[in-house]
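Participant: Enclosed is the structure file target-v1.pdb (PDB, C-alpha atoms and all ligand atoms).
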```pdb
ATOM      1  CA  MET A   1      92.275 117.200 110.900
ATOM      2  CA  LEU A   2      93.211 114.210 113.082
ATOM      3  CA  GLN A   3      96.179 113.853 115.355
ATOM      4  CA  VAL A   4      96.869 110.501 116.999
ATOM      5  CA  SER A   5      99.361 110.778 119.805
ATOM      6  CA  CYS A   6     101.033 107.943 121.675
ATOM      7  CA  ALA A   7      98.363 105.329 120.846
ATOM      8  CA  THR A   8      99.086 102.145 122.773
ATOM      9  CA  LYS A   9      97.347  98.775 122.741
ATOM     10  CA  TYR A  10      98.284  95.512 124.433
ATOM     11  CA  PHE A  11      96.783  92.080 123.861
ATOM     12  CA  MET A  12      97.648  89.705 126.692
ATOM     13  CA  ASP A  13     100.762  91.615 127.831
ATOM     14  CA  GLN A  14     102.017  91.876 124.228
ATOM     15  CA  PRO A  15     102.242  95.413 122.842
ATOM     16  CA  VAL A  16     100.493  95.567 119.450
ATOM     17  CA  PHE A  17     101.704  99.173 119.247
ATOM     18  CA  SER A  18     103.076 101.491 121.880
ATOM     19  CA  GLY A  19     103.429 105.262 121.536
ATOM     20  CA  PHE A  20     102.129 105.251 117.947
ATOM     21  CA  ASP A  21     101.732 108.727 116.390
ATOM     22  CA  LEU A  22      99.915 109.626 113.193
ATOM     23  CA  THR A  23      98.752 112.849 111.546
ATOM     24  CA  VAL A  24      95.882 112.803 109.070
ATOM     25  CA  ALA A  25      95.571 115.939 106.963
ATOM     26  CA  GLN A  26      92.229 117.053 105.530
ATOM     27  CA  GLY A  27      91.509 116.024 101.944
ATOM     28  CA  ARG A  28      94.489 113.706 101.638
ATOM     29  CA  PHE A  29      94.622 109.990 100.878
ATOM     30  CA  HIS A  30      96.747 108.227 103.509
ATOM     31  CA  VAL A  31      97.657 104.572 103.049
ATOM     32  CA  LEU A  32      99.039 102.178 105.662
ATOM     33  CA  VAL A  33     101.037  99.230 104.336
ATOM     34  CA  GLY A  34     102.387  96.601 106.688
ATOM     35  CA  PRO A  35     102.868  92.886 107.273
ATOM     36  CA  SER A  36      99.952  90.665 108.222
ATOM     37  CA  GLY A  37      99.314  90.704 111.962
ATOM     38  CA  CYS A  38     101.314  93.888 112.636
ATOM     39  CA  GLY A  39      98.332  95.676 114.202
ATOM     40  CA  LYS A  40      96.728  97.750 111.431
ATOM     41  CA  SER A  41      93.124  96.647 112.038
ATOM     42  CA  THR A  42      93.648  96.932 115.791
ATOM     43  CA  LEU A  43      94.734 100.547 115.268
ATOM     44  CA  PHE A  44      91.557 101.322 113.292
ATOM     45  CA  ASP A  45      89.457  99.482 115.909
ATOM     46  CA  GLY A  46      91.141 101.535 118.624
ATOM     47  CA  LEU A  47      90.653 104.841 116.797
ATOM     48  CA  THR A  48      86.958 104.188 116.199
ATOM     49  CA  GLY A  49      86.173 102.804 119.655
ATOM     50  CA  VAL A  50      85.511  99.236 118.485
ATOM     51  CA  VAL A  51      88.197  98.314 121.038
ATOM     52  CA  ASP A  52      89.585 100.503 123.805
ATOM     53  CA  LEU A  53      93.114 101.807 123.483
ATOM     54  CA  ASP A  54      95.205 101.309 126.631
ATOM     55  CA  LYS A  55      96.750 104.744 126.208
ATOM     56  CA  GLY A  56      96.850 107.593 123.743
ATOM     57  CA  SER A  57      95.207 110.872 122.819
ATOM     58  CA  LEU A  58      93.169 111.819 119.780
ATOM     59  CA  PHE A  59      92.686 115.388 118.596
ATOM     60  CA  TRP A  60      90.077 116.363 116.022
ATOM     61  CA  ASN A  61      90.887 119.800 114.635
ATOM     62  CA  HIS A  62      92.949 120.333 117.816
ATOM     63  CA  GLU A  63      90.082 119.349 120.127
ATOM     64  CA  SER A  64      90.539 116.323 122.331
ATOM     65  CA  ILE A  65      88.131 113.439 121.555
ATOM     66  CA  SER A  66      87.882 109.951 123.031
ATOM     67  CA  ASN A  67      87.430 108.187 119.679
ATOM     68  CA  LEU A  68      86.391 108.788 116.067
ATOM     69  CA  ASN A  69      82.935 107.324 116.550
ATOM     70  CA  HIS A  70      81.186 110.588 115.646
ATOM     71  CA  HIS A  71      83.798 111.835 113.196
ATOM     72  CA  ALA A  72      84.671 109.009 110.813
ATOM     73  CA  ALA A  73      82.986 106.212 108.891
ATOM     74  CA  TYR A  74      84.780 102.888 109.224
ATOM     75  CA  MET A  75      84.634 100.121 106.626
ATOM     76  CA  GLN A  76      85.973  97.090 108.458
ATOM     77  CA  GLN A  77      88.064  94.302 106.953
ATOM     78  CA  LYS A  78      85.001  92.033 106.756
ATOM     79  CA  ASP A  79      82.192  93.675 104.770
ATOM     80  CA  MET A  80      79.658  93.017 107.582
ATOM     81  CA  LEU A  81      76.675  93.092 105.199
ATOM     82  CA  LEU A  82      73.566  91.556 106.743
ATOM     83  CA  PRO A  83      72.574  88.551 104.605
ATOM     84  CA  TRP A  84      68.857  88.844 105.329
ATOM     85  CA  PHE A  85      68.783  92.472 104.098
ATOM     86  CA  SER A  86      68.746  93.659 100.479
ATOM     87  CA  LEU A  87      71.730  95.687  99.272
ATOM     88  CA  LEU A  88      69.653  98.866  99.544
ATOM     89  CA  ASP A  89      68.527  98.065 103.100
ATOM     90  CA  ASN A  90      72.122  97.334 104.059
ATOM     91  CA  ALA A  91      73.147 100.714 102.663
ATOM     92  CA  LEU A  92      70.316 102.425 104.554
ATOM     93  CA  LEU A  93      71.338 101.060 107.963
ATOM     94  CA  PRO A  94      73.411 104.123 108.972
ATOM     95  CA  ALA A  95      70.445 106.390 108.175
ATOM     96  CA  LYS A  96      68.082 104.153 110.169
ATOM     97  CA  ILE A  97      70.393 104.002 113.156
ATOM     98  CA  GLY A  98      70.965 107.772 112.966
ATOM     99  CA  GLY A  99      67.225 108.500 112.777
ATOM    100  CA  GLN A 100      67.579 110.371 109.482
ATOM    101  CA  ASN A 101      64.792 111.231 107.059
ATOM    102  CA  MET A 102      64.481 107.886 105.263
ATOM    103  CA  LYS A 103      63.117 109.252 101.991
ATOM    104  CA  ALA A 104      66.100 111.589 101.607
ATOM    105  CA  ALA A 105      68.464 108.788 102.657
ATOM    106  CA  GLU A 106      66.969 106.423 100.098
ATOM    107  CA  ASN A 107      67.436 109.013  97.364
ATOM    108  CA  GLN A 108      71.056 109.474  98.410
ATOM    109  CA  ALA A 109      71.652 105.703  98.513
ATOM    110  CA  ARG A 110      70.088 105.210  95.073
ATOM    111  CA  ARG A 111      72.303 107.947  93.634
ATOM    112  CA  LEU A 112      75.351 106.242  95.144
ATOM    113  CA  PHE A 113      74.252 102.842  93.776
ATOM    114  CA  ASP A 114      74.066 104.494  90.400
ATOM    115  CA  ARG A 115      77.477 106.153  90.753
ATOM    116  CA  LEU A 116      79.185 102.989  91.971
ATOM    117  CA  GLY A 117      77.711 100.726  89.278
ATOM    118  CA  LEU A 118      75.128  98.954  91.439
ATOM    119  CA  LYS A 119      71.991 100.293  89.747
ATOM    120  CA  GLY A 120      69.451  97.500  89.274
ATOM    121  CA  TYR A 121      70.799  95.477  92.225
ATOM    122  CA  GLU A 122      69.101  97.441  95.012
ATOM    123  CA  SER A 123      66.706  94.586  95.859
ATOM    124  CA  HIS A 124      69.237  91.760  95.584
ATOM    125  CA  MET A 125      70.204  90.026  98.799
ATOM    126  CA  SER A 126      73.886  90.367  99.650
ATOM    127  CA  ASN A 127      74.509  86.623  99.174
ATOM    128  CA  GLN A 128      73.133  86.850  95.605
ATOM    129  CA  VAL A 129      75.837  89.197  94.327
ATOM    130  CA  SER A 130      79.568  88.977  93.594
ATOM    131  CA  GLY A 131      82.355  89.862  96.012
ATOM    132  CA  GLY A 132      83.080  93.075  94.115
ATOM    133  CA  MET A 133      79.439  94.119  94.372
ATOM    134  CA  ARG A 134      79.397  93.376  98.090
ATOM    135  CA  GLN A 135      82.479  95.569  98.525
ATOM    136  CA  ARG A 136      80.848  98.377  96.548
ATOM    137  CA  CYS A 137      77.694  98.066  98.666
ATOM    138  CA  ALA A 138      79.810  98.215 101.821
ATOM    139  CA  LEU A 139      81.420 101.341 100.371
ATOM    140  CA  VAL A 140      77.991 102.916  99.742
ATOM    141  CA  ARG A 141      76.997 102.085 103.314
ATOM    142  CA  THR A 142      80.214 103.706 104.570
ATOM    143  CA  LEU A 143      79.447 106.861 102.550
ATOM    144  CA  MET A 144      75.919 106.931 103.974
ATOM    145  CA  PHE A 145      77.395 107.915 107.353
ATOM    146  CA  ASN A 146      78.149 111.274 105.681
ATOM    147  CA  ARG A 147      81.436 111.753 107.515
ATOM    148  CA  ASP A 148      84.432 113.687 106.197
ATOM    149  CA  LEU A 149      86.959 111.050 107.258
ATOM    150  CA  ILE A 150      86.728 107.484 105.959
ATOM    151  CA  LEU A 151      88.704 104.571 107.367
ATOM    152  CA  LEU A 152      89.005 101.676 104.927
ATOM    153  CA  ASP A 153      90.515  98.383 106.084
ATOM    154  CA  GLU A 154      91.597  96.480 102.968
ATOM    155  CA  PRO A 155      88.429  97.489 101.112
ATOM    156  CA  LEU A 156      89.386  95.589  97.956
ATOM    157  CA  SER A 157      90.850  92.441  99.501
ATOM    158  CA  ALA A 158      89.845  89.093  98.043
ATOM    159  CA  LEU A 159      89.109  90.563  94.616
ATOM    160  CA  ASP A 160      90.724  89.523  91.348
ATOM    161  CA  THR A 161      93.142  91.990  89.767
ATOM    162  CA  ILE A 162      90.754  93.244  87.070
ATOM    163  CA  THR A 163      87.861  93.926  89.448
ATOM    164  CA  ARG A 164      90.344  95.475  91.845
ATOM    165  CA  ARG A 165      91.675  97.924  89.270
ATOM    166  CA  GLY A 166      88.113  99.030  88.444
ATOM    167  CA  LEU A 167      87.272  99.602  92.089
ATOM    168  CA  GLN A 168      90.506 101.480  92.700
ATOM    169  CA  SER A 169      89.224 104.267  90.464
ATOM    170  CA  LEU A 170      86.084 104.316  92.598
ATOM    171  CA  LEU A 171      88.239 104.807  95.668
ATOM    172  CA  LEU A 172      89.842 107.784  93.956
ATOM    173  CA  LEU A 173      86.367 109.252  93.491
ATOM    174  CA  LEU A 174      85.950 109.296  97.259
ATOM    175  CA  GLN A 175      88.729 111.834  97.384
ATOM    176  CA  THR A 176      88.105 113.781  94.182
ATOM    177  CA  GLU A 177      84.316 113.801  93.824
ATOM    178  CA  PHE A 178      83.102 113.171  97.378
ATOM    179  CA  LYS A 179      85.880 115.292  98.966
ATOM    180  CA  LYS A 180      86.619 112.732 101.648
ATOM    181  CA  THR A 181      89.779 112.430 103.683
ATOM    182  CA  ILE A 182      90.900 108.813 103.576
ATOM    183  CA  LEU A 183      92.920 106.533 105.798
ATOM    184  CA  MET A 184      93.238 103.153 104.128
ATOM    185  CA  ILE A 185      94.985  99.867 104.865
ATOM    186  CA  THR A 186      96.202  97.733 101.978
ATOM    187  CA  HIS A 187      98.662  94.885 101.343
ATOM    188  CA  ASP A 188      99.009  95.899  97.718
ATOM    189  CA  ILE A 189     101.999  98.205  97.161
ATOM    190  CA  GLU A 190     100.829  99.058  93.628
ATOM    191  CA  GLU A 191      97.400 100.019  94.956
ATOM    192  CA  ALA A 192      99.083 102.281  97.491
ATOM    193  CA  LEU A 193     101.196 103.889  94.741
ATOM    194  CA  LEU A 194      98.145 104.509  92.544
ATOM    195  CA  LEU A 195      96.003 106.088  95.240
ATOM    196  CA  ALA A 196      98.047 107.532  98.079
ATOM    197  CA  ASP A 197      99.211 111.039  98.786
ATOM    198  CA  GLU A 198     101.115 109.569 101.701
ATOM    199  CA  ILE A 199     102.239 106.003 102.363
ATOM    200  CA  TYR A 200     103.177 104.753 105.813
ATOM    201  CA  LEU A 201     105.262 101.600 105.695
ATOM    202  CA  LEU A 202     104.840  99.745 108.982
ATOM    203  CA  THR A 203     106.997  97.287 110.896
ATOM    204  CA  PRO A 204     105.840  93.970 112.371
ATOM    205  CA  MET A 205     104.378  94.058 115.903
ATOM    206  CA  PRO A 206     104.900  96.173 117.917
ATOM    207  CA  MET A 207     103.849  98.302 114.978
ATOM    208  CA  THR A 208     105.825 101.459 114.259
ATOM    209  CA  ILE A 209     106.153 103.643 111.163
ATOM    210  CA  PHE A 210     109.246 102.406 109.334
ATOM    211  CA  ARG A 211     109.062 104.892 106.444
ATOM    212  CA  HIS A 212     106.751 107.725 105.436
ATOM    213  CA  PHE A 213     106.554 108.547 101.713
ATOM    214  CA  VAL A 214     104.876 111.659 100.317
ATOM    215  CA  LEU A 215     103.706 111.102  96.722
ATOM    216  CA  GLU A 216     103.466 114.200  94.560
ATOM    217  CA  SER A 217     102.522 112.589  91.204
ATOM    218  CA  PRO A 218      99.167 113.824  89.889
ATOM    219  CA  LYS A 219      96.218 111.402  89.675
ATOM    220  CA  PRO A 220      95.008 109.353  87.921
ATOM    221  CA  ARG A 221      98.434 107.747  87.877
ATOM    222  CA  LYS A 222     100.190 105.364  85.549
ATOM    223  CA  PHE A 223     102.405 102.513  86.680
ATOM    224  CA  ASN A 224     105.255 103.747  84.486
ATOM    225  CA  ASP A 225     105.476 107.067  86.362
ATOM    226  CA  PRO A 226     109.220 107.309  87.222
ATOM    227  CA  ALA A 227     108.572 108.827  90.673
ATOM    228  CA  LEU A 228     106.294 105.900  91.574
ATOM    229  CA  LEU A 229     108.731 103.345  90.182
ATOM    230  CA  GLU A 230     111.430 104.841  92.379
ATOM    231  CA  ILE A 231     109.312 104.466  95.526
ATOM    232  CA  LYS A 232     108.297 100.951  94.501
ATOM    233  CA  ALA A 233     111.954  99.980  94.013
ATOM    234  CA  ASP A 234     112.721 101.467  97.426
ATOM    235  CA  VAL A 235     109.982  99.417  99.119
ATOM    236  CA  LEU A 236     110.937  96.210  97.307
ATOM    237  CA  ASP A 237     114.551  96.799  98.277
ATOM    238  CA  MET A 238     113.534  97.063 101.937
ATOM    239  CA  LEU A 239     111.520  93.854 101.613
ATOM    240  CA  GLU A 240     114.492  92.109 100.037
ATOM    241  CA  LYS A 241     116.825  93.209 102.802
ATOM    242  CA  ASP A 242     114.190  91.953 105.259
ATOM    243  CA  LEU A 243     113.966  95.350 106.936
ATOM    244  CA  ILE A 244     110.243  94.793 106.888
ATOM    245  CA  HIS A 245     108.525  91.496 106.104
ATOM    246  CA  GLU A 246     106.505  90.863 102.988
ATOM    247  CA  PRO A 247     102.828  91.601 103.623
ATOM    248  CA  GLY A 248     100.153  88.919 103.216
TER
HETATM  249  N1  LIG A 301      90.791  90.398 120.101
HETATM  250  C1  LIG A 301      92.075  90.015 120.111
HETATM  251  N2  LIG A 301      92.608  89.368 121.164
HETATM  252  C2  LIG A 301      93.902  89.024 121.197
HETATM  253  N3  LIG A 301      94.773  89.258 120.196
HETATM  254  C3  LIG A 301      94.293  89.877 119.106
HETATM  255  C4  LIG A 301      92.932  90.296 118.996
HETATM  256  N4  LIG A 301      92.768  90.905 117.797
HETATM  257  C5  LIG A 301      93.968  90.865 117.185
HETATM  258  N5  LIG A 301      94.877  90.258 117.962
HETATM  259  C6  LIG A 301      96.303  90.069 117.636
HETATM  260  O1  LIG A 301      96.862  91.357 117.465
HETATM  261  C7  LIG A 301      97.784  91.355 116.399
HETATM  262  C8  LIG A 301      97.409  92.395 115.376
HETATM  263  O2  LIG A 301      96.204  92.004 114.728
HETATM  264  P1  LIG A 301      95.541  92.885 113.589
HETATM  265  O3  LIG A 301      94.276  92.211 113.191
HETATM  266  O4  LIG A 301      95.457  94.276 114.061
HETATM  267  O5  LIG A 301      96.636  92.785 112.440
HETATM  268  P2  LIG A 301      96.601  93.356 110.949
HETATM  269  O6  LIG A 301      97.836  94.168 110.780
HETATM  270  O7  LIG A 301      95.289  94.011 110.695
HETATM  271  O8  LIG A 301      96.740  92.011 110.098
HETATM  272  P3  LIG A 301      96.134  91.663 108.648
HETATM  273  O9  LIG A 301      96.977  92.420 107.664
HETATM  274  O10 LIG A 301      96.354  90.192 108.530
HETATM  275  O11 LIG A 301      94.698  92.050 108.622
HETATM  276  C9  LIG A 301      97.813  89.934 115.845
HETATM  277  O12 LIG A 301      98.888  89.253 116.425
HETATM  278  C10 LIG A 301      96.495  89.351 116.327
HETATM  279  O13 LIG A 301      96.613  87.964 116.506
HETATM  280 MG    MG A 302      93.763  93.572 109.438
END
```
Give the structure from this file in structure tokens form.
Facilitator:
Amino acid sequence: MLQVSCATKYFMDQPVFSGFDLTVAQGRFHVLVGPSGCGKSTLFDGLTGVVDLDKGSLFWNHESISNLNHHAAYMQQKDMLLPWFSLLDNALLPAKIGGQNMKAAENQARRLFDRLGLKGYESHMSNQVSGGMRQRCALVRTLMFNRDLILLDEPLSALDTITRRGLQSLLLLLQTEFKKTILMITHDIEEALLLADEIYLLTPMPMTIFRHFVLESPKPRKFNDPALLEIKADVLDMLEKDLIHEPG
């Protein structure tokens, strides 16, 4: 679906990544795990045209494109909800910007609010709801772009473990029910093991892929799955030997 070839980005003569390659296959859940500051958000910004890459080629179904602007929905690390808008109006922004039929868009947004446990909060302002609800609203807004590929930059960061676990099953729905292809950044190895079909373990800047794991265990997964425990032990072993640095 997406082929990233030789992506390169410098900030002030420092390479954030140089010659970075990545393949994103349709329908799969890809997770990037790497130390803080290694360049993950910069990669997403570069792919989506939020910042310009210095070098690199992107191919969408083998066709060359300049960025993913028209192909992917991007949920950035900060939720970027507008505080003077209600949750529903925040979710409707993509439809407004895209000039869509607003009645149909509102129906779609209300269905998503329902599905993601936000029913009854449509008129609340974003500063009147919890962090978990803000994240879910940001997720609805991301889905309202109606794109097949979704880029999620630490979508569940800053949430307590219990809320996080609940929302992780919602992220699985994106793949199973909404048939999205997902490229997600997380610091949480367990989250990656629960959700990912493929995990890319990244090095500190300049960011490269240190290891690529393909996870075959069926979902929903349990933490005591031996195959997952083996990968987890592998990752922790690498952290211990300081081959990569502990995220966060
Ligand atoms: N606009 C910018 N100008 C200069 N340097 C920047 C800019 N944005 C990011 N950087 C630097 O680029 C590097 C990578 O930043 P980035 O935000 O991509 O890291 P990250 O892997 O997403 O980190 P985290 O896990 O903490 O979110 C960091 O050293 C950061 O300080
Ligand atoms: Mg980041």
Participant: Mind giving me the straight-line distance from CA of Cys137 (chain A) to CA of Asp160 (chain A) in Å, one decimal?
Facilitator: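 So the two atoms, CA of Cys137 (chain A) and CA of Asp160 (chain A), lie 17.2 Å apart.
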Participant: Per residue of region 106-143 of chain A within 9 Å of region 74-78 of chain A, note the shortest atom pair and the distance in Å to one decimal, counting all atoms listed in the file, and order the rows by chain and increasing residue number, as JSON lines.
Facilitator:
```
{"residue": "A:Ala138", "atom": "CA", "partner": "A:Met75", "partner_atom": "CA", "distance": 7.1}
{"residue": "A:Leu139", "atom": "CA", "partner": "A:Met75", "partner_atom": "CA", "distance": 7.1}
{"residue": "A:Arg141", "atom": "CA", "partner": "A:Met75", "partner_atom": "CA", "distance": 8.6}
{"residue": "A:Thr142", "atom": "CA", "partner": "A:Met75", "partner_atom": "CA", "distance": 6.1}
```
Participant: Rank A:Val33, A:Leu112, A:Val4, A:Ala196 by their smallest atom-to-atom distance to ligand MG 302 (chain A), using all atoms listed in the file, and report the top residue only.
Facilitator: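 The shortest atom-to-atom distance to ligand MG 302 (chain A) comes from A:Val33.
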Participant: Which residues, written as a VMD selection string, have at least one atom at most 8 Å from Thr48 (chain A), with only C-alpha atoms counted and residues fewer than 2 positions away on the same chain left out?
Facilitator: chain A and resid 44 to 46 50 to 51 67 to 69 72 74
Participant: Do you have the CA of Asp54 (chain A)-atom N4 of ligand LIG 301 (chain A) distance handy?
Facilitator: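 Atom-to-atom, CA of Asp54 (chain A) to atom N4 of ligand LIG 301 (chain A), that is 13.9 Å.
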Participant: Please identify all polymer residues within 12 Å of Lys119 (chain A), counting all atoms listed in the file, omitting same-chain residues fewer than 6 positions from it, and present them as a CSV table (one decimal) with C-alpha atoms, in the frame of the given file.
Facilitator:
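Result went into part_18.csv, see below:
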```csv
chain,number,residue,atom,x,y,z
A,87,LEU,CA,71.7,95.7,99.3
A,88,LEU,CA,69.7,98.9,99.5
A,109,ALA,CA,71.7,105.7,98.5
A,110,ARG,CA,70.1,105.2,95.1
A,111,ARG,CA,72.3,107.9,93.6
A,112,LEU,CA,75.4,106.2,95.1
A,113,PHE,CA,74.3,102.8,93.8
A,133,MET,CA,79.4,94.1,94.4
A,136,ARG,CA,80.8,98.4,96.5
A,137,CYS,CA,77.7,98.1,98.7
A,140,VAL,CA,78.0,102.9,99.7
```
Participant: Quick one: residues within 8 Å of His71 (chain A), all atoms listed in the file, excluding same-chain residues fewer than 3 positions away - as an MDAnalysis selection string?
Facilitator: chainID A and resid 68 147:149
Participant: Could you list, as a PyMOL selection string, all protein and nucleic acid residues with an atom at most 6 Å from ligand LIG 301 (chain A), counting all atoms listed in the file?
Facilitator: chain A and resi 11+16+35-42
Participant: If you count only C-alpha atoms, which residues fall within 8 Å of Leu172 (chain A), apart from same-chain ones fewer than 4 positions away, as a VMD selection string?
Facilitator: chain A and resid 168 176 195
Participant: With distances taken over all atoms listed in the file, which of A:Arg211, A:Arg28, A:Lys180, A:Lys55 is nearest to Pro15 (chain A)?
Facilitator: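 That would be A:Lys55, the residue with the smallest distance to Pro15 (chain A).
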Participant: Rank A:Asp114, A:Glu198, A:Asp234, A:Glu177 by their smallest atom-to-atom distance to Leu215 (chain A), using all atoms listed in the file, and report the top residue only.
Facilitator: A:Glu198
Participant: So the first atom is CA of Val214 (chain A) and the second is CA of Gln175 (chain A); what is the distance between them in Å, to one decimal place?
Facilitator: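 Distance reported for this atom pair: 16.4 Å.
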Participant: With all atoms listed in the file as the basis for distance, which of A:Arg165, A:Lys96, A:His187, A:Arg115 is at the shortest distance from ligand MG 302 (chain A)?
Facilitator: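 Going through A:Arg165, A:Lys96, A:His187, A:Arg115 one by one, the smallest distance to ligand MG 302 (chain A) is for A:His187.
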Participant: Please write as a list in words the full residue list that the PyMOL selection byres (((chain A and resi 6-8) around 10) and not hetatm) yields on this file.
Facilitator: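 After applying the PyMOL selection byres (((chain A and resi 6-8) around 10) and not hetatm), what remains is Gln3, Val4, Ser5, Lys9, Tyr10, Pro15, Val16, Phe17, Ser18, Gly19, Phe20, Asp21, Leu22, Leu43, Gly46, Leu47, Asp52, Leu53, Asp54, Lys55, Gly56, Ser57, Leu58, Pro206 and Met207 of chain A.
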Participant: Mind telling me what the PyMOL selection byres (((chain A and resi 62) around 9) and not hetatm) catches here, as a list in words?
Facilitator: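 Matching residues under the PyMOL selection byres (((chain A and resi 62) around 9) and not hetatm) are Met1, Leu2, Gln3, Leu58, Phe59, Trp60, Asn61, Glu63 and Ser64 of chain A.
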Participant: Given the selection you just returned, output its residues as a file containing C-alpha atoms, formatted as a PDB file, in the coordinates of the input.
Facilitator:
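Final output, part-v6.pdb:
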```
ATOM      1  CA  MET A   1      92.275 117.200 110.900  1.00  0.00           C
ATOM      2  CA  LEU A   2      93.211 114.210 113.082  1.00  0.00           C
ATOM      3  CA  GLN A   3      96.179 113.853 115.355  1.00  0.00           C
ATOM      4  CA  LEU A  58      93.169 111.819 119.780  1.00  0.00           C
ATOM      5  CA  PHE A  59      92.686 115.388 118.596  1.00  0.00           C
ATOM      6  CA  TRP A  60      90.077 116.363 116.022  1.00  0.00           C
ATOM      7  CA  ASN A  61      90.887 119.800 114.635  1.00  0.00           C
ATOM      8  CA  GLU A  63      90.082 119.349 120.127  1.00  0.00           C
ATOM      9  CA  SER A  64      90.539 116.323 122.331  1.00  0.00           C
TER      10      SER A  64
END
```
Participant: I need the residue set behind the PyMOL selection byres (((chain A and resi 203) around 8) and not hetatm) for this file; please write it as a list in words.
Facilitator: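 Against this file, the PyMOL selection byres (((chain A and resi 203) around 8) and not hetatm) returns the residues Gly34, Pro35, Cys38, Leu201, Leu202, Pro204, Met205, Pro206, Met207, Thr208, Ile209, Phe210, Ile244 and His245 of chain A.
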Participant: With all atoms listed in the file as the atoms that count, which of A:Leu194, A:Ala91, A:Ile150, A:Leu32 lies nearest to ligand MG 302 (chain A)?
Facilitator: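 Closest residue, counting all atoms listed in the file: A:Leu32.
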Participant: Have a look at A:Leu151, A:Gly120, A:Ile185, A:Gly98 and name the one nearest to ligand MG 302 (chain A); count all atoms listed in the file.
Facilitator: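 Among A:Leu151, A:Gly120, A:Ile185, A:Gly98, it is A:Ile185 that comes nearest to ligand MG 302 (chain A).
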Participant: Could you name the residues that touch Leu159 (chain A) at 10 Å or less, counting all atoms listed in the file, but leaving out those on the same chain fewer than 4 positions away, as a PyMOL selection string?
Facilitator: chain A and resi 130-132+135+155+163-165+167
Participant: Output C-alpha atoms for every residue in the selection just made, as a compact mmCIF listing (two decimals), keeping the file's coordinate frame.
Facilitator:
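result.txt, written as the output of this step:
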```
# COMPACT_ATOMS: atom_id res chain seq x y z
CA SER A 130 79.57 88.98 93.59
CA GLY A 131 82.36 89.86 96.01
CA GLY A 132 83.08 93.08 94.12
CA GLN A 135 82.48 95.57 98.52
CA PRO A 155 88.43 97.49 101.11
CA THR A 163 87.86 93.93 89.45
CA ARG A 164 90.34 95.48 91.84
CA ARG A 165 91.68 97.92 89.27
CA LEU A 167 87.27 99.60 92.09
```
Participant: Can you save region 163-194 of chain A of the given block to a file, including C-alpha atoms and formatted as a tab-separated table (two decimals), in the first residue's frame?
Facilitator:
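Produced file selection-v4.tsv, reproduced below:
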```tsv
chain	number	residue	atom	x	y	z
A	163	THR	CA	-8.35	3.74	30.62
A	164	ARG	CA	-5.52	2.79	28.29
A	165	ARG	CA	-6.47	-0.88	28.23
A	166	GLY	CA	-10.08	0.04	27.39
A	167	LEU	CA	-9.01	2.29	24.54
A	168	GLN	CA	-6.60	-0.31	23.19
A	169	SER	CA	-9.57	-2.49	22.28
A	170	LEU	CA	-11.00	0.51	20.44
A	171	LEU	CA	-7.79	0.76	18.45
A	172	LEU	CA	-8.22	-2.88	17.49
A	173	LEU	CA	-11.67	-2.01	16.15
A	174	LEU	CA	-10.05	0.37	13.69
A	175	GLN	CA	-8.44	-2.63	12.08
A	176	THR	CA	-11.16	-5.25	12.51
A	177	GLU	CA	-14.40	-3.30	12.17
A	178	PHE	CA	-13.35	-0.19	10.24
A	179	LYS	CA	-10.87	-2.10	8.03
A	180	LYS	CA	-8.16	0.51	8.40
A	181	THR	CA	-4.47	0.05	7.82
A	182	ILE	CA	-2.62	1.46	10.81
A	183	LEU	CA	0.80	2.91	11.45
A	184	MET	CA	1.12	3.74	15.13
A	185	ILE	CA	3.82	5.08	17.43
A	186	THR	CA	3.88	3.96	21.05
A	187	HIS	CA	6.32	3.85	23.99
A	188	ASP	CA	4.42	0.97	25.54
A	189	ILE	CA	5.91	-2.41	24.56
A	190	GLU	CA	2.88	-4.27	25.96
A	191	GLU	CA	0.55	-2.10	23.89
A	192	ALA	CA	2.60	-2.93	20.82
A	193	LEU	CA	2.43	-6.66	21.62
A	194	LEU	CA	-1.35	-6.54	22.09
```
